[in-house]
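Student: For reference, this is final.cif, and it has mmCIF, C-alpha atoms.
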data_upload
loop_
_atom_site.label_atom_id
_atom_site.label_comp_id
_atom_site.auth_asym_id
_atom_site.auth_seq_id
_atom_site.Cartn_x
_atom_site.Cartn_y
_atom_site.Cartn_z
CA MET A 1 2.00 -88.42 -47.82
CA LYS A 2 -0.67 -85.76 -47.53
CA SER A 3 0.02 -83.23 -44.80
CA VAL A 4 -2.81 -82.71 -42.29
CA LEU A 5 -3.08 -79.75 -39.95
CA LEU A 6 -4.96 -80.22 -36.68
CA LYS A 7 -7.47 -77.57 -35.71
CA ILE A 8 -6.28 -75.64 -32.66
CA ARG A 9 -8.79 -74.41 -30.08
CA GLN A 10 -9.17 -70.68 -29.61
CA PRO A 11 -7.24 -69.55 -26.48
CA ILE A 12 -9.34 -68.98 -23.39
CA SER A 13 -7.82 -65.52 -22.94
CA TYR A 14 -9.39 -64.33 -26.21
CA ALA A 15 -12.89 -64.54 -24.80
CA ALA A 16 -11.83 -62.60 -21.72
CA SER A 17 -10.58 -59.74 -23.90
CA LEU A 18 -13.96 -59.12 -25.52
CA PRO A 19 -16.20 -56.35 -24.17
CA PRO A 20 -18.95 -57.53 -21.77
CA ARG A 21 -22.41 -58.11 -23.16
CA ARG A 22 -25.61 -57.64 -21.18
CA PHE A 23 -28.35 -60.26 -21.18
CA SER A 24 -31.49 -60.74 -19.20
CA THR A 25 -31.61 -63.92 -17.12
CA ALA A 26 -34.09 -65.55 -19.51
CA SER A 27 -32.14 -64.65 -22.64
CA ALA A 28 -28.88 -65.75 -21.02
CA LEU A 29 -30.34 -69.17 -20.16
CA SER A 30 -31.82 -69.48 -23.65
CA ALA A 31 -28.50 -68.53 -25.26
CA ALA A 32 -26.60 -70.98 -23.06
CA SER A 33 -29.03 -73.78 -23.90
CA SER A 34 -28.77 -73.04 -27.63
CA ALA A 35 -24.99 -72.90 -27.46
CA THR A 36 -24.85 -76.23 -25.62
CA LYS A 37 -27.12 -77.88 -28.19
CA ALA A 38 -25.14 -76.40 -31.07
CA ALA A 39 -21.85 -77.58 -29.55
CA ALA A 40 -23.24 -81.08 -29.01
CA ALA A 41 -24.54 -81.23 -32.59
CA ALA A 42 -21.21 -79.99 -33.97
CA GLU A 43 -19.39 -82.58 -31.87
CA GLU A 44 -21.52 -85.37 -33.25
CA GLU A 45 -21.04 -84.17 -36.83
CA THR A 46 -17.25 -83.75 -36.58
CA PRO A 47 -15.61 -86.91 -37.91
CA THR A 48 -12.79 -88.63 -36.09
CA PHE A 49 -9.49 -88.43 -37.95
CA VAL A 50 -6.41 -90.61 -37.44
CA HIS A 51 -3.30 -89.84 -39.45
CA PRO A 52 -2.08 -92.95 -41.30
CA SER A 53 1.37 -92.76 -39.68
CA SER A 54 -0.09 -93.09 -36.17
CA VAL A 55 -0.55 -96.37 -34.30
CA VAL A 56 -3.94 -96.72 -32.59
CA HIS A 57 -4.67 -100.07 -30.96
CA PRO A 58 -7.98 -101.57 -32.15
CA ASN A 59 -9.11 -101.99 -28.53
CA ALA A 60 -8.68 -98.30 -27.73
CA VAL A 61 -11.91 -96.34 -27.21
CA ILE A 62 -11.97 -93.23 -29.39
CA GLY A 63 -14.74 -90.64 -29.02
CA GLN A 64 -16.43 -88.48 -31.64
CA GLY A 65 -14.48 -85.72 -33.35
CA VAL A 66 -11.07 -86.89 -32.11
CA LEU A 67 -8.09 -85.69 -34.16
CA ILE A 68 -4.91 -87.77 -34.01
CA GLY A 69 -1.98 -86.25 -35.85
CA PRO A 70 1.12 -87.88 -37.35
CA PHE A 71 3.35 -90.32 -35.45
CA CYS A 72 1.11 -90.67 -32.38
CA THR A 73 0.51 -93.79 -30.29
CA VAL A 74 -2.70 -94.80 -28.51
CA GLY A 75 -2.52 -97.94 -26.37
CA SER A 76 -4.98 -100.78 -26.02
CA SER A 77 -6.53 -99.62 -22.73
CA ALA A 78 -6.73 -95.93 -23.57
CA LYS A 79 -10.01 -93.99 -23.73
CA LEU A 80 -10.13 -90.64 -25.54
CA GLY A 81 -13.17 -88.42 -24.95
CA ASN A 82 -15.02 -86.52 -27.65
CA GLY A 83 -13.10 -83.74 -29.33
CA CYS A 84 -9.65 -84.66 -28.03
CA GLN A 85 -6.64 -83.58 -30.09
CA LEU A 86 -3.30 -85.37 -30.24
CA HIS A 87 -0.68 -83.22 -31.91
CA PRO A 88 2.19 -84.88 -33.83
CA GLY A 89 4.37 -87.21 -31.78
CA SER A 90 2.14 -87.33 -28.67
CA HIS A 91 1.35 -90.65 -26.97
CA VAL A 92 -1.25 -92.20 -24.66
CA PHE A 93 -0.25 -95.44 -22.92
CA GLY A 94 -1.68 -97.85 -20.35
CA ASN A 95 -5.03 -97.63 -18.59
CA THR A 96 -5.53 -93.94 -19.31
CA GLN A 97 -8.75 -91.97 -19.70
CA LEU A 98 -8.93 -88.50 -21.26
CA GLY A 99 -12.12 -86.46 -20.87
CA LYS A 100 -13.70 -84.31 -23.56
CA GLN A 101 -11.75 -81.65 -25.43
CA CYS A 102 -8.32 -82.50 -24.03
CA VAL A 103 -5.30 -81.40 -26.08
CA LEU A 104 -1.91 -83.13 -26.09
CA MET A 105 0.76 -80.93 -27.62
CA THR A 106 3.72 -82.29 -29.60
CA GLY A 107 5.83 -84.79 -27.66
CA ALA A 108 3.46 -85.13 -24.69
CA VAL A 109 3.33 -88.57 -23.05
CA VAL A 110 0.34 -89.51 -20.89
CA GLY A 111 0.04 -92.79 -18.99
CA ASP A 112 2.23 -95.82 -18.51
CA ASP A 113 1.89 -99.57 -18.96
CA LEU A 114 1.68 -100.18 -15.22
CA PRO A 115 -1.03 -101.56 -12.93
CA GLY A 116 -3.42 -98.81 -11.90
CA ARG A 117 -4.69 -95.94 -14.02
CA THR A 118 -4.44 -92.32 -15.05
CA VAL A 119 -7.72 -90.36 -15.24
CA ILE A 120 -7.78 -86.86 -16.73
CA GLY A 121 -10.93 -84.75 -16.85
CA HIS A 122 -12.28 -82.36 -19.49
CA ASP A 123 -10.67 -79.40 -21.25
CA ASN A 124 -7.11 -80.01 -20.13
CA VAL A 125 -4.06 -78.98 -22.14
CA ILE A 126 -0.91 -81.08 -21.79
CA GLY A 127 2.09 -79.09 -22.98
CA HIS A 128 4.95 -79.93 -25.31
CA HIS A 129 7.06 -82.87 -24.11
CA SER A 130 5.30 -83.12 -20.75
CA VAL A 131 5.24 -86.54 -19.08
CA ILE A 132 2.07 -87.24 -17.10
CA GLY A 133 1.00 -90.34 -15.18
CA ILE A 134 4.16 -92.43 -15.24
CA LYS A 135 5.92 -94.45 -12.53
CA CYS A 136 6.98 -92.50 -9.46
CA GLN A 137 10.58 -91.92 -8.39
CA ASP A 138 10.08 -93.36 -4.90
CA MET A 139 12.45 -96.16 -3.92
CA LYS A 140 9.67 -97.70 -1.81
CA TYR A 141 7.55 -98.35 -4.90
CA LYS A 142 7.29 -102.06 -5.66
CA LEU A 143 7.00 -103.07 -9.30
CA GLY A 144 3.57 -104.55 -9.89
CA ASP A 145 1.76 -102.40 -7.30
CA GLU A 146 -1.18 -100.38 -8.56
CA CYS A 147 -0.58 -96.64 -8.75
CA PHE A 148 -2.96 -93.82 -9.60
CA LEU A 149 -3.18 -90.27 -10.90
CA GLU A 150 -6.37 -88.21 -11.06
CA ILE A 151 -6.54 -84.78 -12.72
CA GLY A 152 -9.67 -82.62 -12.81
CA ASP A 153 -10.95 -80.20 -15.45
CA ASN A 154 -9.65 -77.12 -17.23
CA ASN A 155 -6.01 -77.38 -16.20
CA GLU A 156 -3.20 -75.97 -18.33
CA ILE A 157 -0.03 -78.01 -17.90
CA ARG A 158 2.79 -76.41 -19.80
CA GLU A 159 5.88 -77.75 -21.55
CA HIS A 160 8.36 -80.21 -19.97
CA THR A 161 6.27 -80.74 -16.84
CA SER A 162 6.31 -84.11 -15.07
CA ILE A 163 3.50 -85.43 -12.87
CA HIS A 164 3.87 -88.90 -11.36
CA ARG A 165 1.43 -91.53 -10.17
CA SER A 166 1.13 -92.55 -6.52
CA SER A 167 3.71 -94.75 -4.83
CA LYS A 168 1.22 -97.33 -3.56
CA SER A 169 -2.30 -98.54 -4.22
CA SER A 170 -3.76 -96.94 -1.09
CA ASP A 171 -2.79 -93.42 -2.22
CA ARG A 172 -3.52 -91.14 -5.17
CA THR A 173 -1.73 -88.29 -6.82
CA VAL A 174 -4.55 -85.77 -7.23
CA ILE A 175 -4.78 -82.46 -9.07
CA GLY A 176 -8.01 -80.47 -8.97
CA ASP A 177 -9.51 -77.97 -11.43
CA ASN A 178 -8.45 -74.71 -13.08
CA ASN A 179 -4.76 -74.89 -12.24
CA LEU A 180 -2.00 -73.25 -14.29
CA ILE A 181 1.18 -75.32 -14.07
CA MET A 182 3.90 -73.54 -15.98
CA GLY A 183 6.89 -74.99 -17.80
CA SER A 184 9.32 -77.48 -16.26
CA CYS A 185 7.36 -78.01 -13.03
CA HIS A 186 7.47 -81.34 -11.18
CA ILE A 187 4.68 -82.83 -9.05
CA ALA A 188 5.85 -86.01 -7.36
CA HIS A 189 4.00 -89.09 -6.14
CA ASP A 190 1.06 -88.81 -3.74
CA CYS A 191 0.78 -85.02 -3.94
CA ASN A 192 -2.67 -83.53 -3.43
CA ILE A 193 -3.22 -80.29 -5.34
CA GLY A 194 -6.44 -78.29 -4.99
CA ASN A 195 -8.05 -75.80 -7.36
CA ASN A 196 -7.14 -72.46 -8.98
CA ASN A 197 -3.44 -72.60 -8.17
CA ILE A 198 -0.64 -70.97 -10.18
CA PHE A 199 2.74 -72.70 -10.22
CA ALA A 200 5.41 -70.63 -11.96
CA ASN A 201 8.23 -72.23 -13.94
CA ASN A 202 10.41 -74.79 -12.15
CA THR A 203 8.13 -75.24 -9.16
CA LEU A 204 9.26 -78.59 -7.73
CA LEU A 205 7.04 -80.48 -5.27
CA ALA A 206 8.42 -83.54 -3.50
CA GLY A 207 6.23 -86.50 -2.57
CA HIS A 208 3.14 -86.24 -0.35
CA VAL A 209 2.93 -82.43 -0.56
CA THR A 210 -0.52 -80.92 -0.05
CA VAL A 211 -1.38 -77.65 -1.79
CA GLU A 212 -4.78 -76.15 -1.02
CA ASP A 213 -6.58 -73.59 -3.25
CA TYR A 214 -5.64 -70.23 -4.82
CA THR A 215 -1.94 -70.50 -3.97
CA HIS A 216 0.73 -68.83 -6.09
CA THR A 217 4.38 -69.79 -6.39
CA ALA A 218 7.08 -67.71 -8.02
CA GLY A 219 9.75 -69.41 -10.13
CA ALA A 220 12.38 -71.97 -9.10
CA ILE A 221 10.98 -73.02 -5.73
CA VAL A 222 11.38 -76.36 -3.95
CA VAL A 223 8.94 -77.87 -1.44
CA HIS A 224 10.04 -80.61 0.97
CA GLN A 225 8.03 -83.83 1.16
CA PHE A 226 4.95 -83.90 3.42
CA CYS A 227 4.67 -80.09 3.59
CA HIS A 228 1.30 -78.33 3.44
CA ILE A 229 0.81 -75.11 1.49
CA GLY A 230 -2.23 -73.20 2.76
CA SER A 231 -4.87 -71.51 0.63
CA PHE A 232 -4.23 -67.97 -0.67
CA SER A 233 -0.53 -68.16 0.22
CA PHE A 234 2.42 -66.99 -1.84
CA ILE A 235 5.93 -68.49 -2.11
CA GLY A 236 8.67 -66.13 -3.28
CA GLY A 237 11.04 -67.03 -6.11
CA GLY A 238 14.00 -69.27 -5.35
CA SER A 239 12.60 -70.38 -1.98
CA VAL A 240 13.29 -73.72 -0.32
CA VAL A 241 10.21 -74.63 1.72
CA SER A 242 10.93 -77.22 4.40
CA GLN A 243 7.92 -76.62 6.66
CA ASP A 244 4.24 -75.73 6.25
CA VAL A 245 3.14 -72.40 4.77
CA PRO A 246 0.11 -71.18 6.76
CA ARG A 247 -3.03 -70.01 5.06
CA TYR A 248 -3.01 -66.38 3.77
CA THR A 249 0.72 -65.89 4.37
CA MET A 250 3.77 -65.12 2.25
CA VAL A 251 7.13 -66.87 2.61
CA ALA A 252 10.49 -66.43 0.93
CA GLY A 253 14.13 -67.30 1.39
CA GLU A 254 16.73 -70.01 0.91
CA ARG A 255 15.10 -71.57 3.97
CA ALA A 256 11.70 -70.01 3.57
CA GLN A 257 10.59 -67.72 6.39
CA LEU A 258 7.29 -65.98 7.00
CA ARG A 259 7.37 -62.48 5.51
CA GLY A 260 3.85 -61.40 6.43
CA LEU A 261 0.43 -61.78 4.85
CA ASN A 262 -0.13 -62.21 1.11
CA LEU A 263 -1.90 -58.85 1.04
CA GLU A 264 -1.90 -58.31 -2.70
CA GLY A 265 -3.19 -61.83 -3.32
CA LEU A 266 -5.98 -61.32 -0.79
CA ARG A 267 -7.06 -58.08 -2.42
CA ARG A 268 -7.06 -59.66 -5.87
CA ARG A 269 -9.22 -62.52 -4.60
CA GLY A 270 -11.87 -60.15 -3.28
CA PHE A 271 -11.22 -60.20 0.48
CA SER A 272 -12.88 -57.23 2.17
CA ALA A 273 -10.98 -54.42 3.88
CA MET A 274 -12.40 -55.60 7.22
CA GLU A 275 -11.20 -59.17 6.68
CA ILE A 276 -7.71 -58.02 5.71
CA LYS A 277 -7.52 -55.65 8.69
CA SER A 278 -8.55 -58.46 11.05
CA LEU A 279 -5.94 -60.80 9.58
CA ARG A 280 -3.25 -58.16 9.99
CA VAL A 281 -4.15 -57.62 13.64
CA ALA A 282 -4.19 -61.38 14.27
CA TYR A 283 -0.88 -61.91 12.46
CA ARG A 284 0.84 -59.20 14.50
CA LYS A 285 -0.47 -60.60 17.79
CA ILE A 286 0.74 -64.12 16.91
CA PHE A 287 4.05 -63.45 15.15
CA MET A 288 5.06 -59.88 16.08
CA PRO A 289 4.34 -59.42 19.81
CA ALA A 290 5.53 -56.24 21.49
CA ASP A 291 7.33 -58.38 24.08
CA ALA A 292 8.50 -61.62 22.49
CA ASN A 293 9.30 -63.10 25.93
CA SER A 294 5.94 -62.42 27.53
CA LEU A 295 3.90 -65.27 26.03
CA GLY A 296 4.68 -68.45 24.13
CA PHE A 297 3.33 -69.20 20.67
CA GLU A 298 0.45 -71.31 22.00
CA GLU A 299 -0.62 -68.60 24.43
CA ARG A 300 -0.53 -65.94 21.73
CA LEU A 301 -2.62 -68.11 19.42
CA CYS A 302 -5.16 -68.77 22.19
CA GLU A 303 -5.33 -65.05 22.89
CA VAL A 304 -6.32 -64.38 19.27
CA GLU A 305 -8.87 -67.21 19.23
CA GLN A 306 -10.49 -65.89 22.42
CA ASP A 307 -10.45 -62.24 21.38
CA GLU A 308 -13.99 -60.83 21.49
CA ASP A 309 -13.70 -59.24 18.03
CA LEU A 310 -11.15 -61.38 16.17
CA GLY A 311 -12.75 -64.63 17.31
CA LYS A 312 -15.88 -63.78 15.32
CA VAL A 313 -14.06 -63.23 12.01
CA ASN A 314 -14.18 -66.36 9.87
CA VAL A 315 -10.90 -65.76 8.03
CA VAL A 316 -9.07 -65.40 11.36
CA HIS A 317 -10.63 -68.66 12.54
CA LEU A 318 -9.46 -70.39 9.34
CA MET A 319 -5.92 -69.06 9.77
CA SER A 320 -5.90 -70.31 13.36
CA GLN A 321 -7.04 -73.75 12.20
CA SER A 322 -4.27 -73.79 9.58
CA LEU A 323 -1.65 -72.98 12.23
CA ARG A 324 -2.90 -75.61 14.65
CA GLY A 325 -3.05 -78.24 11.91
CA SER A 326 0.63 -77.74 11.16
CA PHE A 327 1.52 -78.81 14.71
CA ALA A 328 -0.58 -81.96 14.64
CA GLU A 329 1.06 -85.37 14.79
CA ASN A 330 3.26 -86.22 11.78
CA ARG A 331 3.22 -82.61 10.53
CA ARG A 332 6.31 -80.49 10.04
CA GLY A 333 5.40 -77.28 11.88
CA ILE A 334 5.37 -73.91 10.13
CA CYS A 335 8.03 -71.82 8.40
CA LYS A 336 9.80 -69.74 11.01
CA SER A 337 9.17 -66.03 11.43
CA ARG A 338 11.90 -63.55 12.24
CA HIS A 339 9.77 -62.39 15.15
CA TRP A 340 8.86 -65.86 16.42
CA ASN A 341 10.81 -67.03 19.46
CA GLY A 342 10.08 -70.72 18.72
CA SER A 343 8.25 -71.38 22.00
#
Would you encode the structure as structure tokens?
Tutor:
Amino acid sequence: MKSVLLKIRQPISYAASLPPRRFSTASALSAASSATKAAAAAEEETPTFVHPSSVVHPNAVIGQGVLIGPFCTVGSSAKLGNGCQLHPGSHVFGNTQLGKQCVLMTGAVVGDDLPGRTVIGHDNVIGHHSVIGIKCQDMKYKLGDECFLEIGDNNEIREHTSIHRSSKSSDRTVIGDNNLIMGSCHIAHDCNIGNNNIFANNTLLAGHVTVEDYTHTAGAIVVHQFCHIGSFSFIGGGSVVSQDVPRYTMVAGERAQLRGLNLEGLRRRGFSAMEIKSLRVAYRKIFMPADANSLGFEERLCEVEQDEDLGKVNVVHLMSQSLRGSFAENRRGICKSRHWNGS
């Protein structure tokens, strides 16, 4: 049998390593338009290839320029967008839709023959032996119920990761755009993940966890079901998170505790010196009072919200909202601080 090598896309990081080039606005728009037209023409001209050892159901919808390597399976309800690549031994089952330019590495399994669907956007990479869009591990799930998974664009999901569909038809497991999910992570049923997050190896999220945007986890962390992880927060390696992580903060520990603001993360994301200074002042007033017995937590939070200067700073307002949301009905409260008296 003739051996066929699939064409691998150039890594995104390569483009970032090139020196910047200067264009005028008009020339940049013209170049972008030409590049788009050239890419579209190349996509139309690229033939679809299916290795003879693979099994592709005749009812499957296969786009232009799709490359399906040896020993792959594509089910009857699957839809593969233009330019998708299935490396040897990867499989697409059930009612599953892949957007343009998605890549399934060797051993990846996407979708399941269950009611419901798995929808994956454009330019996603599914790593070696990852399992995406299969039945959840929730004992409340009833066989025959519809379950759903929706993944956005430009996510890199590395090897041995598992992402499960929702546990019931009224919910969705949702992952946004531009996330890096490193090897051996687990995202359980009904999780809602935002954009631009980085999950280091062995990040394990239980069911119904909400992660906002621009969060960063270190390796081997566990998050309890129904917890909320606020935007721009950081979770230290080996942490067990059993309550909410407020926006902009850093937690760590076997039972994760607040360890201050995620200062380095805020600087890297372009927060101004004034914004960071205001957050530090607000954090100290709320969690590190000079006299811990003078005011309760609610009073300290109100004091910050009503402060003539801090009250006008948007990032302080957003942190306050994050804290108040964690004490709403059916929420788990926030990770404890060493300086917080629990009142």
Student: Got a sec to resolve the PyMOL selection byres ((chain A and resi 81) around 12) on this structure and send the residues as a PyMOL selection string?
Tutor: chain A and resi 43+48+60-67+78-80+82-86+96-103+119-124
Student: Expanded to explicit residues, what is the PyMOL selection byres ((chain A and resi 304-308) around 9) for this file, as a PyMOL selection string?
Tutor: chain A and resi 282+285-286+299-303+309-312+316-317+320
Student: Report as JSON the centre and the edge lengths, in Å to one decimal, of the axis-aligned box holding every listed atom of region 113-120 of chain A, padded by 8 Å on each side.
Tutor:
{"center_x": -2.9, "center_y": -94.2, "center_z": -15.4, "size_x": 25.7, "size_y": 30.7, "size_z": 23.1}
Student: Running the PyMOL selection byres ((chain A and resi 263-278) around 7) on this model by hand, what would come out? Give it as a PyMOL selection string.
Tutor: chain A and resi 232+261-262+279-282+310+315-316
Student: Give the answer as one residue: which of A:Thr215, A:Thr249, A:Ser130, A:Thr73 has the shortest atom-to-atom distance to Ser184 (chain A), using all atoms listed in the file?
Tutor: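 Closest to Ser184 (chain A), using all atoms listed in the file: A:Ser130.
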Student: Taking (-3.3, -78.7, -17.0) as a centre in this file's frame and 6 Å as the limit, can you find every polymer residue with an atom that close, using only C-alpha atoms, and give them as a list of chain:residue names?
Tutor: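 All residues meeting the 6 Å criterion around (-3.3, -78.7, -17.0) are A:Asn124, A:Val125, A:Ile126, A:Asn155, A:Glu156, A:Ile157.
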Student: Tell me, in Å to one decimal, how far CA of Met319 (chain A) is from CA of Leu205 (chain A).
Tutor: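 CA of Leu205 (chain A) lies 22.9 Å from CA of Met319 (chain A).
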Student: At what distance in Å, to one decimal, does CA of Arg165 (chain A) lie from CA of Glu146 (chain A)?
Tutor: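 Atom-to-atom, CA of Glu146 (chain A) to CA of Arg165 (chain A), that is 9.4 Å.
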Student: Would you list the contacts of Lys142 (chain A) as a count of residues only, taking every protein, DNA or RNA residue within 12 Å and counting all atoms listed in the file, but skipping same-chain residues closer than 5 positions in sequence?
Tutor: 10
Student: What lies within 10 Å of Ala200 (chain A) using all atoms listed in the file, ignoring chain neighbours under 5 positions off, as an mmCIF file with C-alpha atoms, in the coordinates of the input?
Tutor:
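Resulting contents of out.cif:
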data_model
loop_
_atom_site.group_PDB
_atom_site.id
_atom_site.type_symbol
_atom_site.label_atom_id
_atom_site.label_comp_id
_atom_site.auth_asym_id
_atom_site.auth_seq_id
_atom_site.Cartn_x
_atom_site.Cartn_y
_atom_site.Cartn_z
ATOM 1 C CA LEU A 180 -2.000 -73.250 -14.290
ATOM 2 C CA ILE A 181 1.180 -75.320 -14.070
ATOM 3 C CA MET A 182 3.900 -73.540 -15.980
ATOM 4 C CA GLY A 183 6.890 -74.990 -17.800
ATOM 5 C CA SER A 184 9.320 -77.480 -16.260
ATOM 6 C CA CYS A 185 7.360 -78.010 -13.030
ATOM 7 C CA HIS A 216 0.730 -68.830 -6.090
ATOM 8 C CA THR A 217 4.380 -69.790 -6.390
ATOM 9 C CA ALA A 218 7.080 -67.710 -8.020
ATOM 10 C CA GLY A 219 9.750 -69.410 -10.130
ATOM 11 C CA ALA A 220 12.380 -71.970 -9.100
ATOM 12 C CA ILE A 221 10.980 -73.020 -5.730
ATOM 13 C CA GLY A 237 11.040 -67.030 -6.110
#
Student: With all atoms listed in the file as the atoms that count, which of A:Leu323, A:Ile235, A:Val92, A:Ala188 lies nearest to Arg117 (chain A)?
Tutor: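 Closest to Arg117 (chain A), using all atoms listed in the file: A:Val92.
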Student: Quick check, in Å to one decimal: how far apart do CA of Val222 (chain A) and CA of Lys336 (chain A) lie?
Tutor: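 Result for CA of Val222 (chain A) versus CA of Lys336 (chain A): 16.4 Å, one decimal.
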